[in-house]
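Enquirer: Below is the structure I would like to discuss, written out as structure tokens.
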Amino acid sequence: MKKDKLTEYIAAILLAASIVSLVFVFANANISHYTARMESDIASETLLATVLYENNFIQPDSWYASTAIRLISTPNLAAFIYPLVGMDANLAMGISCTVMMVIMLVVMGLYCKQAKFSVLAALSSIALVLAFTKPSDEWQRMIFVYASYYVSHIITLFIILMLYNRVVRKQKVEIWVFVVSILVAAVNGLQGMHGCLFTYLPLLGLELVKRAILRIQNKKLDRGIIFTWTMLMTAASVIASKLTASNNIGASRNIRNAFPKFRDEVWPSVMEMFGLDNYGPLRIVILFAAVVGYILALKKLFGRDKEEPESYSVLLFPAGFVVCLMLTTFTTVEVAGRYFLMLLFTVAVGDALFIMNVKSDSVKAFTFFIAIFGLLQAAMFNDALVIHDDAANVDNYKVAAWMNEKNYEYGYSSFDHANYITVMGNNTAKVRAVNNMKDMKGCKWLTDTNWYPPVKSSDGPTCYIVTDYLSGEFSEFMEREKPTVIETAEIGKFTIYVLDHDYTMWE
């Protein structure tokens, strides 16, 4: 018995070490190497933090958002951190992403404790959530690094699951639980449809399936008020998304071409997120264990044995994956790895179920295996995100550095480069996006009207940053306006034209 406890203790230490190592690598990437994998969308989130700060921490009407109002997100938190770190937007966002990541992991740990996961199972699931990704892939950027777009949705997912477990155990929806859950659902809805896709629709579907199976088995059902509560949360989230026009999926049905889309787009995207090109054999073992874990859990949940009420909530994770799988297959919505984020948690929780339900000494060996996988991944992430940070050699950074050296504060380029250049220069050289370089009108996407004339002054030298594919449009602009060119510069793929004043207009 003592030897058995010692083995568990060592396994727990190794798992904890892998978790700490992975968190440290992500924190270091966020705080000290924030621009290592920069791109235009991440840069826009960074600049939104400054806009929120300048507008008393409220998203202004002047900001052209992508999908939703931001109420609880990394830019919101970064807006509060921004003045505390000397108006360093990159550092503020790096700290914000790290704090939100830690909060998510803590809330996940609390859920694991409430759902009565063993220590090894809980540590294994958290380690796999951190490790079962690839450097700067969509999963990492959704919840760990640089922008952490979906981290607030995942935090609220675990909160809702803990409330759900409480309701199922007590067989009643307490007033405070109802108020908090509906408020959280509404806030999630105001921030887009992702909360509904990851949490509320899967939870409603889980309740429907659970009740149907238990009815077939002639087993006692949960009280009807619980099902009604899940419907009201889903409704609150959907209605809130409509109120702010944050539901921008804009997709029609795709029944006829569903199979070809699944074969050619959806399944390849899922396989890419599995990352089998990175420690493929290890990942296959982890995936196999997760499948076995869910099979054993389902056998217990819907078998003859009486199971703890909290156990049903683990099925939300595969349910969330199935909802997004159906959405991307049976509609014309774009296929992207970020929509399959629930697959990451499905794998992690499935392995935890495997550890709890397989009665064999080999399970302890499996936890050692997960710990070693986590440590290997930490080393690989550190190499990719930290050691090989080549941001200083990126053309966008060199453009920002040139503008700072020449004391040119304002410039314009396409969306692909504008905010990107601004963030690479840490908001000292302010480059804004135009819809094209022929008309020079402001880009109505992840930008602020206050950045453009006539709100902004048009006086003073202004840089126009042109790539080869934009040179034709820019030539038409030059021919029409015949501006005075103060100087030009060639920097990598960019040609910079410094004109005598700002020729851009918002409308």
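Chains: A, B, ... in order of the structure tokens. Residues: from 1 per chain. Ligands: from 1, in order shown.
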Residues of region 260-359 of chain A that have any atom at most 6 Å from an atom of region 196-217 of chain A: could you tabulate them with the shortest-distance atom pair and the distance in Å to one decimal, using only C-alpha atoms, ordered by chain and increasing number, as a Markdown table?

Expert:
```
| residue | atom | partner | partner_atom | distance |
| --- | --- | --- | --- | --- |
| A:Leu316 | CA | A:Pro202 | CA | 5.9 |
| A:Ala319 | CA | A:Pro202 | CA | 5.2 |
| A:Gly320 | CA | A:Pro202 | CA | 5.0 |
```

Enquirer: Excluding same-chain residues fewer than 2 positions from region 224-233 of chain A, what lies within 6 Å of it counting only C-alpha atoms, as a CSV table (one decimal) with N, CA and C atoms, in the first residue's frame?

Expert:
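result.csv, written as the output of this step:
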```csv
chain,number,residue,atom,x,y,z
A,182,ILE,N,-28.6,33.0,-15.7
A,182,ILE,CA,-29.2,33.8,-16.8
A,182,ILE,C,-28.4,35.0,-17.2
A,185,ALA,N,-25.4,33.9,-19.1
A,185,ALA,CA,-25.8,33.5,-20.5
A,185,ALA,C,-26.0,34.7,-21.3
A,204,LEU,N,-28.2,21.9,-23.4
A,204,LEU,CA,-29.6,21.6,-23.7
A,204,LEU,C,-29.8,20.2,-24.4
A,235,ALA,N,-32.0,30.3,-24.5
A,235,ALA,CA,-32.8,31.4,-25.0
A,235,ALA,C,-32.2,32.7,-24.7
A,236,ALA,N,-31.7,32.9,-23.5
A,236,ALA,CA,-31.1,34.2,-23.0
A,236,ALA,C,-29.9,34.5,-23.9
```

Enquirer: Write out as a tab-separated table a residue-level contact list of region 34-129 of chain A versus region 411-418 of chain A with cut-off 12 Å: for each qualifying residue the closest pair of atoms and the distance in Å to one decimal, counting only C-alpha atoms, rows sorted by chain and residue number upward.

Expert:
```
residue	atom	partner	partner_atom	distance
A:Met38	CA	A:His417	CA	10.5
A:Glu39	CA	A:Asp416	CA	7.7
A:Ser40	CA	A:Asp416	CA	5.5
A:Asp41	CA	A:Asp416	CA	8.4
A:Ile42	CA	A:Asp416	CA	11.0
A:Ala43	CA	A:Ala418	CA	9.0
A:Ser44	CA	A:Ala418	CA	9.3
A:Leu47	CA	A:Ala418	CA	11.2
```

Enquirer: Can you write out the residues you just picked, keeping N, CA and C atoms, as a PDB file, in the first residue's frame?

Expert:
```pdb
ATOM      1  N   MET A  38       2.971  37.401 -34.328  1.00  0.00           N
ATOM      2  CA  MET A  38       1.951  38.424 -34.520  1.00  0.00           C
ATOM      3  C   MET A  38       1.306  38.316 -35.902  1.00  0.00           C
ATOM      4  N   GLU A  39       0.020  38.684 -35.969  1.00  0.00           N
ATOM      5  CA  GLU A  39      -0.706  38.822 -37.228  1.00  0.00           C
ATOM      6  C   GLU A  39      -1.813  39.845 -37.022  1.00  0.00           C
ATOM      7  N   SER A  40      -2.526  40.180 -38.092  1.00  0.00           N
ATOM      8  CA  SER A  40      -3.419  41.343 -38.086  1.00  0.00           C
ATOM      9  C   SER A  40      -4.569  41.208 -37.082  1.00  0.00           C
ATOM     10  N   ASP A  41      -5.170  40.028 -36.958  1.00  0.00           N
ATOM     11  CA  ASP A  41      -6.307  39.881 -36.051  1.00  0.00           C
ATOM     12  C   ASP A  41      -5.878  40.016 -34.593  1.00  0.00           C
ATOM     13  N   ILE A  42      -4.758  39.401 -34.238  1.00  0.00           N
ATOM     14  CA  ILE A  42      -4.239  39.532 -32.870  1.00  0.00           C
ATOM     15  C   ILE A  42      -3.906  40.995 -32.591  1.00  0.00           C
ATOM     16  N   ALA A  43      -3.278  41.657 -33.551  1.00  0.00           N
ATOM     17  CA  ALA A  43      -2.921  43.066 -33.383  1.00  0.00           C
ATOM     18  C   ALA A  43      -4.157  43.918 -33.128  1.00  0.00           C
ATOM     19  N   SER A  44      -5.265  43.578 -33.785  1.00  0.00           N
ATOM     20  CA  SER A  44      -6.499  44.344 -33.600  1.00  0.00           C
ATOM     21  C   SER A  44      -7.021  44.215 -32.179  1.00  0.00           C
ATOM     22  N   LEU A  47      -4.951  46.559 -29.990  1.00  0.00           N
ATOM     23  CA  LEU A  47      -5.333  47.963 -30.124  1.00  0.00           C
ATOM     24  C   LEU A  47      -6.714  48.232 -29.538  1.00  0.00           C
TER      25      LEU A  47
END
```

Enquirer: List the neighbours of Val292 (chain A) out to 9 Å using only C-alpha atoms; skip same-chain residues closer than 3 positions along the sequence, and give me the result as a PyMOL selection string.

Expert: chain A and resi 287-289+295-297+350-351+353-354

Enquirer: Can you list, as an mmCIF file with C-alpha atoms, in the first residue's frame, every protein, DNA or RNA residue that comes within 10 Å of Leu120 (chain A) when you count only C-alpha atoms, leaving out same-chain residues fewer than 4 positions away?

Expert:
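Result file is selection-v7.cif:
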```cif
data_model
loop_
_atom_site.group_PDB
_atom_site.id
_atom_site.type_symbol
_atom_site.label_atom_id
_atom_site.label_comp_id
_atom_site.auth_asym_id
_atom_site.auth_seq_id
_atom_site.Cartn_x
_atom_site.Cartn_y
_atom_site.Cartn_z
ATOM 1 C CA GLU A 8 0.690 8.084 -7.038
ATOM 2 C CA TYR A 9 2.592 10.808 -5.224
ATOM 3 C CA ALA A 11 2.972 10.750 -10.661
ATOM 4 C CA ALA A 12 1.137 13.740 -9.155
ATOM 5 C CA ILE A 13 4.422 15.634 -8.763
ATOM 6 C CA LEU A 15 1.961 16.031 -13.646
ATOM 7 C CA ALA A 16 2.114 19.200 -11.546
ATOM 8 C CA SER A 124 -3.933 14.738 -16.147
ATOM 9 C CA SER A 125 -6.885 16.550 -17.731
ATOM 10 C CA ALA A 352 -9.435 11.604 -16.916
ATOM 11 C CA ILE A 355 -7.840 6.993 -15.354
ATOM 12 C CA MET A 356 -10.817 6.867 -12.986
ATOM 13 C CA VAL A 363 -3.297 3.425 -15.229
ATOM 14 C CA LYS A 364 -0.569 4.870 -13.024
ATOM 15 C CA THR A 367 -0.352 9.177 -15.850
ATOM 16 C CA PHE A 368 3.455 9.086 -16.018
#
```

Enquirer: Could you name the residues that touch region 275-282 of chain A at 8 Å or less, counting only C-alpha atoms, but leaving out those on the same chain fewer than 2 positions away, as a count of residues only?

Expert: 9

Enquirer: What's around Ile239 (chain A) at 9 Å? Count only C-alpha atoms, leave out sequence neighbours fewer than 3 positions away in its own chain, and write the answer as a ChimeraX atom specification.

Expert: /A:186,189-190,234-236,242-243

Enquirer: Any chance you can output those residues with N, CA and C atoms as a short mmCIF file (atom, residue, chain, number, x, y, z; two decimals), in the first residue's frame?

Expert:
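That gives us result.cif:
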```cif
data_model
loop_
_atom_site.label_atom_id
_atom_site.label_comp_id
_atom_site.auth_asym_id
_atom_site.auth_seq_id
_atom_site.Cartn_x
_atom_site.Cartn_y
_atom_site.Cartn_z
N ALA A 186 -26.64 35.74 -20.77
CA ALA A 186 -26.88 36.97 -21.52
C ALA A 186 -25.57 37.66 -21.89
N GLY A 189 -24.01 35.87 -24.64
CA GLY A 189 -24.70 36.16 -25.88
C GLY A 189 -24.32 37.50 -26.46
N LEU A 190 -24.17 38.51 -25.60
CA LEU A 190 -23.76 39.83 -26.07
C LEU A 190 -22.38 39.78 -26.73
N THR A 234 -30.26 28.92 -22.69
CA THR A 234 -29.99 28.92 -24.13
C THR A 234 -30.72 30.08 -24.82
N ALA A 235 -31.98 30.27 -24.45
CA ALA A 235 -32.77 31.36 -25.03
C ALA A 235 -32.16 32.72 -24.71
N ALA A 236 -31.72 32.90 -23.46
CA ALA A 236 -31.12 34.17 -23.05
C ALA A 236 -29.86 34.46 -23.85
N LYS A 242 -28.72 38.32 -30.64
CA LYS A 242 -29.50 39.02 -31.66
C LYS A 242 -29.61 40.51 -31.36
N LEU A 243 -29.70 40.86 -30.08
CA LEU A 243 -29.85 42.27 -29.70
C LEU A 243 -28.67 43.11 -30.12
#
```

Enquirer: Would you please give, as a VMD selection string, all residues of region 1-249 of chain A that DSSP assigns to alpha helix (DSSP H) based on the backbone?

Expert: chain A and resid 2 to 32 40 to 54 74 to 81 89 to 114 119 to 131 138 to 143 151 to 170 175 to 190 194 to 195 201 to 216 224 to 243
